[in-house]
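As provided, upload22.cif (mmCIF, C-alpha atoms) reads as follows.
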```cif
data_upload
#
loop_
_atom_site.label_atom_id
_atom_site.label_comp_id
_atom_site.auth_asym_id
_atom_site.auth_seq_id
_atom_site.Cartn_x
_atom_site.Cartn_y
_atom_site.Cartn_z
CA MET A 25 3.99 21.79 19.99
CA LYS A 26 4.26 24.88 17.84
CA LYS A 27 2.65 28.19 18.74
CA VAL A 28 1.74 31.29 16.80
CA LYS A 29 2.02 34.75 18.35
CA LEU A 30 -0.29 37.34 16.83
CA LYS A 31 -0.67 41.09 17.24
CA LYS A 32 -3.45 43.50 16.44
CA ALA A 33 -3.39 44.47 12.75
CA ASN A 34 -5.58 45.24 9.74
CA LEU A 35 -5.55 43.03 6.66
CA ASN A 36 -5.98 44.62 3.24
CA GLY A 37 -5.39 43.52 -0.31
CA THR A 38 -5.91 40.50 -2.54
CA VAL A 39 -5.39 36.81 -1.86
CA THR A 40 -6.01 33.75 -4.04
CA ALA A 41 -8.14 31.02 -2.51
CA PRO A 42 -6.30 27.68 -2.23
CA PRO A 43 -7.76 24.80 -4.23
CA SER A 44 -10.81 23.21 -2.63
CA LYS A 45 -9.89 20.15 -0.62
CA SER A 46 -13.53 19.00 -0.70
CA ALA A 47 -13.53 19.03 -4.50
CA ALA A 48 -10.03 17.55 -4.68
CA HIS A 49 -10.91 14.59 -2.41
CA ARG A 50 -13.77 13.67 -4.72
CA ALA A 51 -11.87 14.23 -7.95
CA LEU A 52 -8.89 12.17 -6.74
CA ILE A 53 -11.17 9.23 -5.95
CA CYS A 54 -12.99 9.54 -9.28
CA SER A 55 -9.63 9.69 -11.04
CA PHE A 56 -8.51 6.59 -9.12
CA LEU A 57 -11.66 4.73 -10.16
CA SER A 58 -11.20 5.83 -13.78
CA GLY A 59 -7.65 4.55 -13.89
CA GLY A 60 -6.02 7.78 -15.01
CA GLY A 61 -6.11 11.52 -15.64
CA THR A 62 -4.65 14.39 -13.64
CA VAL A 63 -6.15 16.33 -10.77
CA LYS A 64 -4.65 19.76 -10.14
CA PRO A 65 -3.92 22.06 -8.50
CA ILE A 66 -3.78 20.21 -5.19
CA ILE A 67 -2.67 21.86 -2.00
CA ASN A 68 0.12 20.04 -0.18
CA SER A 69 -1.94 19.41 2.94
CA LYS A 70 -2.27 16.40 5.23
CA ASP A 71 -5.83 15.75 4.07
CA MET A 72 -4.73 15.61 0.44
CA LEU A 73 -1.78 13.39 1.33
CA ALA A 74 -4.24 11.06 3.05
CA THR A 75 -6.41 10.54 -0.01
CA LEU A 76 -3.40 10.32 -2.34
CA GLY A 77 -1.77 7.83 0.00
CA VAL A 78 -4.83 5.62 0.43
CA THR A 79 -5.60 5.43 -3.31
CA GLU A 80 -1.94 4.69 -4.08
CA ALA A 81 -1.86 1.99 -1.41
CA LEU A 82 -4.93 0.34 -2.93
CA LYS A 83 -3.33 0.45 -6.38
CA ASN A 84 -0.28 -1.29 -4.98
CA GLY A 85 -2.29 -3.94 -3.14
CA GLU A 86 -1.16 -2.76 0.29
CA LYS A 87 -3.15 -3.93 3.31
CA THR A 88 -2.91 -0.87 5.60
CA LEU A 89 -4.66 2.34 4.55
CA ASP A 90 -3.59 5.29 6.69
CA CYS A 91 -6.15 8.10 6.55
CA ILE A 92 -3.96 10.30 8.80
CA GLU A 93 -6.54 12.72 10.29
CA SER A 94 -8.87 13.02 7.31
CA GLY A 95 -12.49 12.14 8.02
CA SER A 96 -13.35 12.65 4.36
CA THR A 97 -10.71 10.16 3.22
CA LEU A 98 -11.89 7.61 5.76
CA ARG A 99 -15.62 7.83 5.11
CA PHE A 100 -15.25 8.08 1.34
CA MET A 101 -12.78 5.23 0.98
CA ILE A 102 -14.28 2.58 3.27
CA PRO A 103 -17.10 1.71 0.84
CA VAL A 104 -14.90 2.39 -2.23
CA ALA A 105 -12.36 -0.17 -1.01
CA ALA A 106 -15.22 -2.55 -0.24
CA SER A 107 -16.57 -2.15 -3.77
CA MET A 108 -13.22 -3.50 -5.00
CA GLY A 109 -13.32 -6.49 -2.66
CA ALA A 110 -10.21 -5.26 -0.87
CA GLU A 111 -9.13 -6.89 2.40
CA VAL A 112 -7.57 -3.95 4.20
CA VAL A 113 -7.21 -2.22 7.54
CA PHE A 114 -8.05 1.46 7.87
CA THR A 115 -5.97 3.40 10.40
CA GLY A 116 -5.63 7.04 11.39
CA SER A 117 -4.16 9.46 13.89
CA GLY A 118 -5.18 12.45 16.01
CA ARG A 119 -8.89 12.38 16.81
CA LEU A 120 -9.78 10.34 13.71
CA PRO A 121 -9.87 6.94 15.48
CA GLU A 122 -12.59 8.34 17.76
CA ARG A 123 -14.76 9.83 15.02
CA PRO A 124 -18.00 7.97 14.23
CA ILE A 125 -18.16 5.30 11.53
CA GLY A 126 -21.17 3.53 13.03
CA GLU A 127 -23.35 3.89 9.95
CA TYR A 128 -20.92 1.72 7.99
CA LEU A 129 -20.47 -0.79 10.81
CA ASP A 130 -24.24 -1.32 10.74
CA LEU A 131 -24.82 -1.07 6.99
CA LEU A 132 -21.92 -2.77 5.21
CA PRO A 133 -22.29 -6.22 6.82
CA LYS A 134 -25.84 -6.31 5.41
CA HIS A 135 -24.33 -5.98 1.94
CA GLY A 136 -21.53 -8.51 1.88
CA VAL A 137 -18.73 -6.79 3.80
CA LEU A 138 -17.29 -8.11 7.06
CA CYS A 139 -16.22 -5.32 9.41
CA LYS A 140 -13.98 -5.83 12.44
CA SER A 141 -13.80 -2.79 14.71
CA GLY A 142 -14.05 -1.77 18.31
CA GLY A 143 -16.35 1.05 17.23
CA GLY A 144 -13.74 3.19 15.52
CA LEU A 145 -10.27 2.70 14.06
CA PRO A 146 -8.54 0.45 13.31
CA LEU A 147 -11.21 -1.01 11.02
CA GLU A 148 -10.62 -4.21 9.09
CA ILE A 149 -12.85 -4.98 6.13
CA SER A 150 -13.14 -8.01 3.85
CA GLY A 151 -15.62 -9.23 1.27
CA ARG A 152 -17.01 -7.44 -1.78
CA LEU A 153 -19.75 -4.84 -1.52
CA LYS A 154 -23.03 -5.86 -3.17
CA ASN A 155 -25.48 -3.62 -4.96
CA GLY A 156 -28.91 -3.07 -3.48
CA SER A 157 -30.88 -0.69 -1.26
CA TYR A 158 -28.95 1.20 1.40
CA GLU A 159 -30.95 2.90 4.14
CA VAL A 160 -28.92 5.69 5.74
CA SER A 161 -29.60 8.44 8.25
CA GLY A 162 -29.19 11.83 6.60
CA ASN A 163 -28.51 13.77 9.78
CA VAL A 164 -25.24 12.12 10.83
CA SER A 165 -22.74 13.07 8.13
CA SER A 166 -23.12 13.67 4.41
CA GLN A 167 -19.73 11.96 4.03
CA TYR A 168 -21.47 8.57 4.34
CA ILE A 169 -23.71 9.44 1.40
CA THR A 170 -20.77 10.56 -0.71
CA GLY A 171 -18.84 7.39 0.09
CA LEU A 172 -21.78 5.21 -0.91
CA LEU A 173 -22.41 7.07 -4.17
CA LEU A 174 -18.78 6.71 -5.21
CA ALA A 175 -18.73 3.02 -4.29
CA LEU A 176 -22.11 1.94 -5.64
CA ALA A 177 -21.39 3.52 -9.02
CA ASN A 178 -18.39 1.18 -9.16
CA LEU A 179 -20.64 -1.91 -9.07
CA GLU A 180 -22.45 -3.70 -11.91
CA GLY A 181 -26.03 -3.75 -10.60
CA ASP A 182 -28.40 -0.90 -9.74
CA SER A 183 -28.52 0.51 -6.21
CA ALA A 184 -30.47 3.04 -4.17
CA VAL A 185 -29.49 5.20 -1.22
CA ILE A 186 -32.62 5.70 0.87
CA LEU A 187 -32.54 8.54 3.38
CA LYS A 188 -34.21 7.65 6.68
CA THR A 189 -34.02 11.26 7.88
CA PRO A 190 -33.64 14.59 6.05
CA LEU A 191 -30.18 15.13 4.59
CA GLU A 192 -28.05 17.76 6.30
CA SER A 193 -25.09 19.39 4.53
CA LYS A 194 -26.73 18.51 1.21
CA PRO A 195 -24.46 20.88 -0.76
CA TYR A 196 -21.58 18.49 -0.09
CA VAL A 197 -23.54 15.67 -1.74
CA ASP A 198 -24.49 18.00 -4.59
CA MET A 199 -20.76 18.57 -5.10
CA THR A 200 -20.19 14.81 -5.22
CA VAL A 201 -22.93 14.36 -7.83
CA LYS A 202 -21.51 17.19 -9.94
CA ILE A 203 -17.93 15.94 -9.87
CA MET A 204 -19.01 12.35 -10.61
CA ALA A 205 -20.90 13.74 -13.62
CA ASP A 206 -17.67 15.43 -14.73
CA TYR A 207 -16.21 11.91 -14.79
CA GLY A 208 -19.13 10.54 -16.83
CA VAL A 209 -21.08 8.92 -13.98
CA VAL A 210 -24.73 9.91 -13.53
CA ILE A 211 -26.43 9.88 -10.12
CA LYS A 212 -30.18 10.47 -10.09
CA GLU A 213 -31.68 12.36 -7.14
CA THR A 214 -35.11 11.02 -6.17
CA ASP A 215 -37.82 11.65 -3.60
CA PHE A 216 -36.33 8.92 -1.39
CA GLY A 217 -32.66 9.77 -1.87
CA TYR A 218 -30.45 8.71 -4.78
CA LEU A 219 -30.61 6.11 -7.56
CA ILE A 220 -27.36 4.72 -8.91
CA HIS A 221 -27.37 2.70 -12.13
CA GLY A 222 -24.76 -0.05 -12.19
CA GLY A 223 -22.31 -0.72 -14.96
CA GLN A 224 -21.20 2.89 -15.33
CA LYS A 225 -17.56 3.63 -15.98
CA PHE A 226 -15.58 6.55 -14.61
CA LYS A 227 -13.93 8.27 -17.58
CA LYS A 228 -10.30 9.36 -17.53
CA THR A 229 -10.34 13.13 -17.14
CA ASP A 230 -7.83 15.91 -16.56
CA TYR A 231 -9.59 17.76 -13.76
CA THR A 232 -9.04 21.35 -12.61
CA VAL A 233 -9.81 21.93 -8.92
CA GLU A 234 -11.68 25.13 -8.12
CA GLY A 235 -10.90 27.53 -5.24
CA ASP A 236 -12.00 26.73 -1.70
CA TRP A 237 -14.87 28.84 -0.36
CA SER A 238 -14.44 27.58 3.22
CA GLN A 239 -10.87 28.91 3.28
CA ALA A 240 -11.86 32.13 1.54
CA ALA A 241 -14.29 32.75 4.40
CA PHE A 242 -11.50 33.48 6.89
CA PHE A 243 -10.18 36.40 4.88
CA LEU A 244 -13.61 37.67 3.82
CA ALA A 245 -14.54 37.83 7.52
CA ALA A 246 -11.33 39.77 8.20
CA GLY A 247 -12.36 42.20 5.49
CA ALA A 248 -15.78 42.73 7.05
CA LEU A 249 -14.19 43.48 10.41
CA GLY A 250 -11.29 45.69 9.52
CA GLY A 251 -10.19 46.16 5.93
CA ASP A 252 -11.03 45.69 2.28
CA ILE A 253 -10.04 42.19 1.15
CA THR A 254 -10.52 40.54 -2.24
CA VAL A 255 -10.36 36.75 -2.61
CA THR A 256 -9.76 35.53 -6.16
CA GLY A 257 -9.91 32.09 -7.78
CA LEU A 258 -13.52 31.44 -6.80
CA ASP A 259 -16.17 29.79 -8.98
CA MET A 260 -19.51 31.61 -8.73
CA ASN A 261 -21.29 28.54 -10.15
CA THR A 262 -19.82 26.20 -7.57
CA ALA A 263 -21.64 23.38 -5.84
CA GLN A 264 -19.70 24.16 -2.65
CA GLY A 265 -22.16 24.99 0.09
CA ASP A 266 -19.69 27.34 1.76
CA LYS A 267 -20.28 29.85 -1.03
CA ASN A 268 -23.13 30.75 1.33
CA ILE A 269 -20.55 32.83 3.21
CA ILE A 270 -21.63 35.66 0.91
CA ASP A 271 -25.24 35.57 2.11
CA VAL A 272 -24.24 35.12 5.74
CA LEU A 273 -21.87 38.11 5.60
CA LYS A 274 -24.70 40.17 4.10
CA SER A 275 -27.01 39.06 6.91
CA PHE A 276 -24.46 40.56 9.33
CA GLY A 277 -24.67 43.79 7.35
CA ALA A 278 -21.35 43.45 5.53
CA HIS A 279 -20.78 45.17 2.19
CA VAL A 280 -19.86 42.44 -0.29
CA GLU A 281 -19.02 42.91 -3.96
CA ILE A 282 -19.08 39.95 -6.35
CA ASN A 283 -17.10 39.80 -9.59
CA GLU A 284 -16.55 37.10 -12.20
CA ASN A 285 -14.12 34.99 -10.16
CA SER A 286 -13.58 37.03 -7.02
CA VAL A 287 -15.35 38.43 -3.98
CA THR A 288 -14.45 41.61 -2.10
CA CYS A 289 -15.61 42.27 1.45
CA PHE A 290 -15.35 45.80 2.83
CA LYS A 291 -15.05 46.96 6.41
CA SER A 292 -18.62 47.31 7.68
CA ARG A 293 -20.71 48.03 10.74
CA LEU A 294 -21.95 44.56 11.65
CA LYS A 295 -25.09 43.55 13.49
CA GLY A 296 -26.04 40.28 15.14
CA THR A 297 -28.03 37.73 13.17
CA VAL A 298 -29.25 34.13 13.21
CA VAL A 299 -27.00 31.57 11.51
CA HIS A 300 -28.50 28.25 10.47
CA ALA A 301 -25.36 26.12 10.27
CA ALA A 302 -26.60 22.65 9.29
CA ASP A 303 -25.39 23.07 5.69
CA ILE A 304 -22.30 25.18 6.48
CA PRO A 305 -20.71 23.60 9.57
CA ASP A 306 -17.13 24.43 8.52
CA LEU A 307 -17.95 28.15 8.60
CA VAL A 308 -19.04 28.19 12.24
CA PRO A 309 -15.66 28.94 13.89
CA VAL A 310 -15.00 32.07 11.83
CA LEU A 311 -18.65 33.16 11.97
CA ALA A 312 -18.52 32.90 15.75
CA VAL A 313 -15.50 35.21 15.74
CA LEU A 314 -17.37 37.62 13.48
CA SER A 315 -20.34 37.50 15.85
CA ALA A 316 -18.17 38.47 18.82
CA PHE A 317 -17.54 41.88 17.20
CA ALA A 318 -21.06 42.46 15.81
CA ASP A 319 -23.57 44.71 17.55
CA GLY A 320 -26.28 42.76 19.38
CA LYS A 321 -27.03 39.06 19.66
CA THR A 322 -26.08 36.30 17.23
CA VAL A 323 -27.54 32.81 17.49
CA ILE A 324 -25.70 29.95 15.75
CA LYS A 325 -27.74 26.76 15.60
CA GLY A 326 -28.03 23.45 13.79
CA ALA A 327 -24.34 22.65 14.31
CA GLU A 328 -24.56 19.51 16.47
CA ARG A 329 -22.16 17.55 14.25
CA LEU A 330 -19.37 20.00 15.04
CA ARG A 331 -18.85 18.06 18.26
CA TYR A 332 -17.34 15.21 16.20
CA LYS A 333 -14.81 17.12 14.12
CA GLU A 334 -11.06 17.46 14.76
CA SER A 335 -12.18 18.88 18.09
CA ASP A 336 -15.57 19.48 19.65
CA ARG A 337 -15.77 22.74 17.74
CA ILE A 338 -18.69 24.13 19.72
CA GLU A 339 -16.80 23.68 22.98
CA SER A 340 -13.49 24.81 21.44
CA VAL A 341 -14.92 28.03 20.01
CA VAL A 342 -16.85 28.93 23.17
CA SER A 343 -13.86 28.27 25.42
CA ASN A 344 -11.49 30.43 23.37
CA LEU A 345 -14.01 33.24 22.97
CA LYS A 346 -14.51 33.34 26.75
CA LYS A 347 -10.75 33.59 27.25
CA MET A 348 -10.80 36.66 25.00
CA GLY A 349 -13.57 38.25 27.05
CA ALA A 350 -16.52 37.53 24.77
CA ASP A 351 -20.06 37.20 26.05
CA VAL A 352 -20.90 33.71 24.76
CA GLU A 353 -23.09 30.84 25.87
CA GLU A 354 -22.79 27.27 24.64
CA THR A 355 -25.96 25.48 23.51
CA ALA A 356 -26.57 21.88 22.49
CA ASP A 357 -26.41 22.70 18.78
CA GLY A 358 -24.36 25.89 18.70
CA MET A 359 -23.95 29.07 20.71
CA ILE A 360 -25.38 32.48 21.56
CA ILE A 361 -23.01 35.45 21.32
CA ASN A 362 -23.59 39.01 22.46
CA GLY A 363 -21.15 41.13 20.50
CA LYS A 364 -18.66 43.65 21.89
CA ASN A 365 -16.53 46.37 20.36
CA THR A 366 -13.30 44.62 21.25
CA LEU A 367 -11.82 41.46 22.69
CA ILE A 368 -8.60 40.99 24.63
CA GLY A 369 -5.55 39.02 23.55
CA ALA A 370 -5.13 35.73 25.39
CA GLU A 371 -3.39 32.36 25.52
CA LEU A 372 -5.63 30.12 23.43
CA SER A 373 -5.72 26.43 22.59
CA GLY A 374 -5.67 25.45 18.94
CA TYR A 375 -7.08 22.01 19.93
CA ASN A 376 -5.00 20.50 17.09
CA ASP A 377 -7.80 21.78 14.86
CA HIS A 378 -6.94 23.76 11.74
CA ARG A 379 -10.20 25.71 11.62
CA ILE A 380 -9.90 26.76 15.27
CA VAL A 381 -6.35 28.05 14.74
CA MET A 382 -7.31 29.98 11.61
CA ALA A 383 -10.53 31.42 13.04
CA PHE A 384 -8.83 32.74 16.17
CA SER A 385 -5.99 34.15 14.10
CA ILE A 386 -8.70 36.38 12.61
CA ALA A 387 -9.96 37.23 16.12
CA ALA A 388 -6.43 38.23 17.12
CA LEU A 389 -6.38 40.94 14.46
CA PHE A 390 -8.96 42.93 16.42
CA ALA A 391 -8.06 41.99 20.00
CA ASP A 392 -6.19 44.34 22.34
CA GLY A 393 -2.75 42.95 23.17
CA GLU A 394 -0.99 39.80 22.04
CA THR A 395 -2.71 36.51 21.31
CA VAL A 396 -0.90 33.17 21.41
CA ILE A 397 -2.48 30.04 19.89
CA SER A 398 -1.14 26.51 20.37
CA ASP A 399 -1.04 23.77 17.71
CA ALA A 400 -0.20 26.21 14.93
CA GLU A 401 1.03 23.33 12.78
CA SER A 402 -2.54 22.00 12.52
CA ILE A 403 -3.11 24.35 9.56
CA ASN A 404 -1.09 21.82 7.55
CA LYS A 405 -4.25 19.71 7.49
CA SER A 406 -5.91 22.00 4.96
CA TYR A 407 -4.10 25.32 4.33
CA PRO A 408 -0.33 25.16 4.97
CA SER A 409 0.30 28.65 3.52
CA PHE A 410 -2.35 30.34 5.66
CA PHE A 411 0.06 32.38 7.77
CA GLU A 412 2.10 33.37 4.72
CA ASP A 413 -1.05 34.80 3.11
CA TYR A 414 -2.09 36.32 6.46
CA ASN A 415 1.20 38.19 6.86
CA ARG A 416 1.34 39.25 3.23
CA LEU A 417 -2.01 41.00 3.70
CA GLY A 418 -0.65 42.91 6.70
CA GLY A 419 -0.99 40.49 9.59
CA GLN A 420 1.64 39.98 12.28
CA ALA A 421 1.87 36.24 12.88
CA ASP A 422 5.06 34.78 14.27
CA VAL A 423 5.00 30.99 14.20
CA ILE A 424 7.50 29.62 16.70
CA GLY A 425 9.28 26.38 15.91
CA PHE A 426 7.38 25.95 12.64
CA GLY A 427 8.82 23.18 10.50
CA GLU A 428 10.90 21.63 13.26
#
```
Can the structure from this file be put into structure tokens for me?
Amino acid sequence: MKKVKLKKANLNGTVTAPPSKSAAHRALICSFLSGGGTVKPIINSKDMLATLGVTEALKNGEKTLDCIESGSTLRFMIPVAASMGAEVVFTGSGRLPERPIGEYLDLLPKHGVLCKSGGGLPLEISGRLKNGSYEVSGNVSSQYITGLLLALANLEGDSAVILKTPLESKPYVDMTVKIMADYGVVIKETDFGYLIHGGQKFKKTDYTVEGDWSQAAFFLAAGALGGDITVTGLDMNTAQGDKNIIDVLKSFGAHVEINENSVTCFKSRLKGTVVHAADIPDLVPVLAVLSAFADGKTVIKGAERLRYKESDRIESVVSNLKKMGADVEETADGMIINGKNTLIGAELSGYNDHRIVMAFSIAALFADGETVISDAESINKSYPSFFEDYNRLGGQADVIGFGE
């Protein structure tokens, strides 16, 4: 286990957002289905290696598809592999084998695919996916919807995705629809869900991956708390839902300046607010940290699905905040935080969760004393150069045993 030791510091300056892993996952799969084209830049993270590895394994006719710890890779590629009639076994590591895939276990057998699973991974599939009507709950994970759209567009006949409940995290599906359109495949949004015309072909495209708003959020939050930070490489016309970090920061009272492809956040006097997190679940860890330093009460709600991420992120965030002396109460779908002027450094668990490690590295900047966080290597899942950027901006992060 690797740890990171962090000291109080102020971050200032400019940092370039890494390429969006959400966009890259989708583009890599579209490129795979098109049979060619480049996708770049791609960050050398475990999640990207998972999607690259699974698509390459399918190309080579391999039977085992290792999704490592990537929920996106798993939920996107199960129906895509089924649309090809592949007989394969999906595997994974970390918490991935425990993460829900029940929607597929219920749905795919109704449409020609045999699934063998004990409820999670390993999952063995065989048979070819058939076109038709797919009724799906919209409040479990938008990743199911994305996976079905990618797969059903790869079939000859028309299909429909019918939402049984309102769709949460819709911006992620909007991103899927946009990127599929970039590859020449049209998805029609309807009153009931989505209509997918069969017989469409993914076109070979050289795709440029935009900057990642969810990663930019860590440094923008640091700017709001203690220094002026500019994040470049961001698309202001993005379909990424986490662009909403701008509006959320403003709701806390932060001074935010928007330019053509960058955002600057200035040190500000922050006040508590209400955060509706259903469409921005990945932002919750860093927003909880922000809330701990804001004047008054912040309520974060609508984040039930965070309990099924790399860790139970509601429990993980609340536990670490309490260790740092924060006034925080866990709720079923989020948390209530009464802000303080300062927190105290502490021994924290990273829960083998990249977003927990990064969020509490931001908390450590403004905590009295030293903070130590376990599982520092978990940042390799999405942002391997995080601590390099952190230190270059003025942070004091010492990662012990990194790379061993």
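Neighbours of Asp236 (chain A) closer than or equal to 10 Å, with only C-alpha atoms counted and sequence neighbours fewer than 5 positions away skipped, come out as A:Thr40, A:Ala41, A:Pro42, A:Pro43, A:Ser44, A:Lys45, A:Ser46, A:Ala47, A:Ala48, A:Ala241, A:Gly257, A:Leu258, A:Asp259, A:Thr262, A:Gln264, A:Asp266, A:Lys267.
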Legend entry - A:Leu145, A:Ile125, A:Leu57, A:Leu82 ranked by distance to Tyr332 (chain A), top pick (using only C-alpha atoms): A:Ile125
Legend entry - Non-local contacts of Thr297 (chain A) (9 Å; all atoms listed in the file; under 5 positions in same chain excluded) as a PyMOL selection string: chain A and resi 272+275-276+315+318+320-324
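The coordinates place CA of Gly223 (chain A) at 7.4 Å from CA of Ala177 (chain A).
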Inset, instruction - Run the PyMOL selection byres ((chain A and resi 196-213) around 10) mentally over the shown coordinates, then write out the matched residues as a count of residues only, using the chain letters and numbers from the document. - result: 54
Legend entry - Residue members of the PyMOL selection byres ((chain A and resi 118-121) around 9) in the file shown, as a PyMOL selection string: chain A and resi 91-95+98+115-117+122-124+143-146+332-335+376
Inset, instruction - Can you work out the spacing between CA of Met348 (chain A) and CA of Ala400 (chain A) in Å, to one decimal? - result: 18.0 Å
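Each of A:Asp377, A:Asp413, A:Asp357, A:Glu284 was compared to Ala302 (chain A) using all atoms listed in the file, and A:Asp357 turns out to be the nearest.
Around region 32-35 of chain A, within 8 Å and counting all atoms listed in the file, the residues found are A:Ala246, A:Gly247, A:Gly250, A:Gly251, A:Asp252, A:Ile253, A:Ala388, A:Leu389, A:Phe390, A:Ala391, A:Asp392, A:Gly393, A:Glu394, A:Tyr414, A:Leu417, A:Gly418, A:Gly419, A:Gln420, once anything fewer than 6 positions away on its own chain is removed.
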Include C-alpha atoms and write out the residues we just selected as a PDB file, in the frame of the given file.
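The result, stored in part.pdb:
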```pdb
ATOM      1  CA  ALA A 246     -11.330  39.770   8.200  1.00  0.00           C
ATOM      2  CA  GLY A 247     -12.360  42.200   5.490  1.00  0.00           C
ATOM      3  CA  GLY A 250     -11.290  45.690   9.520  1.00  0.00           C
ATOM      4  CA  GLY A 251     -10.190  46.160   5.930  1.00  0.00           C
ATOM      5  CA  ASP A 252     -11.030  45.690   2.280  1.00  0.00           C
ATOM      6  CA  ILE A 253     -10.040  42.190   1.150  1.00  0.00           C
ATOM      7  CA  ALA A 388      -6.430  38.230  17.120  1.00  0.00           C
ATOM      8  CA  LEU A 389      -6.380  40.940  14.460  1.00  0.00           C
ATOM      9  CA  PHE A 390      -8.960  42.930  16.420  1.00  0.00           C
ATOM     10  CA  ALA A 391      -8.060  41.990  20.000  1.00  0.00           C
ATOM     11  CA  ASP A 392      -6.190  44.340  22.340  1.00  0.00           C
ATOM     12  CA  GLY A 393      -2.750  42.950  23.170  1.00  0.00           C
ATOM     13  CA  GLU A 394      -0.990  39.800  22.040  1.00  0.00           C
ATOM     14  CA  TYR A 414      -2.090  36.320   6.460  1.00  0.00           C
ATOM     15  CA  LEU A 417      -2.010  41.000   3.700  1.00  0.00           C
ATOM     16  CA  GLY A 418      -0.650  42.910   6.700  1.00  0.00           C
ATOM     17  CA  GLY A 419      -0.990  40.490   9.590  1.00  0.00           C
ATOM     18  CA  GLN A 420       1.640  39.980  12.280  1.00  0.00           C
TER      19      GLN A 420
END
```
Legend entry - Pick from A:Leu244, A:Asp71, A:Val255, A:Phe290, whichever lies nearest to Ile270 (chain A) using all atoms listed in the file: A:Leu244
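As for CA of Glu412 (chain A) and CA of Ala370 (chain A), they are spaced 22.0 Å apart.
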Inset, instruction - Determine, counting all atoms listed in the file, which protein, DNA and RNA residues have an atom within 9 Å of an atom of Leu307 (chain A); residues of the same chain fewer than 4 positions away are not included. Present the result as a VMD selection string. - result: chain A and resid 238 to 239 241 to 242 266 269 301 311 to 312 379
Legend entry - Shell around Ile380 (chain A) at 12 Å using only C-alpha atoms, local window under 6 positions removed, as a VMD selection string: chain A and resid 242 306 to 313 330 333 to 345 372 to 374 386 to 387 397 to 403 405
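Of the listed residues A:Val164, A:Met359, A:Val298, A:Val113, the one whose atoms come nearest to Gly126 (chain A) is A:Val164, with distances taken using all atoms listed in the file.
Counting all atoms listed in the file and comparing A:Ile424, A:Met382, A:Ala175, A:Val104, the residue that lies closest to Ser409 (chain A) is A:Met382.
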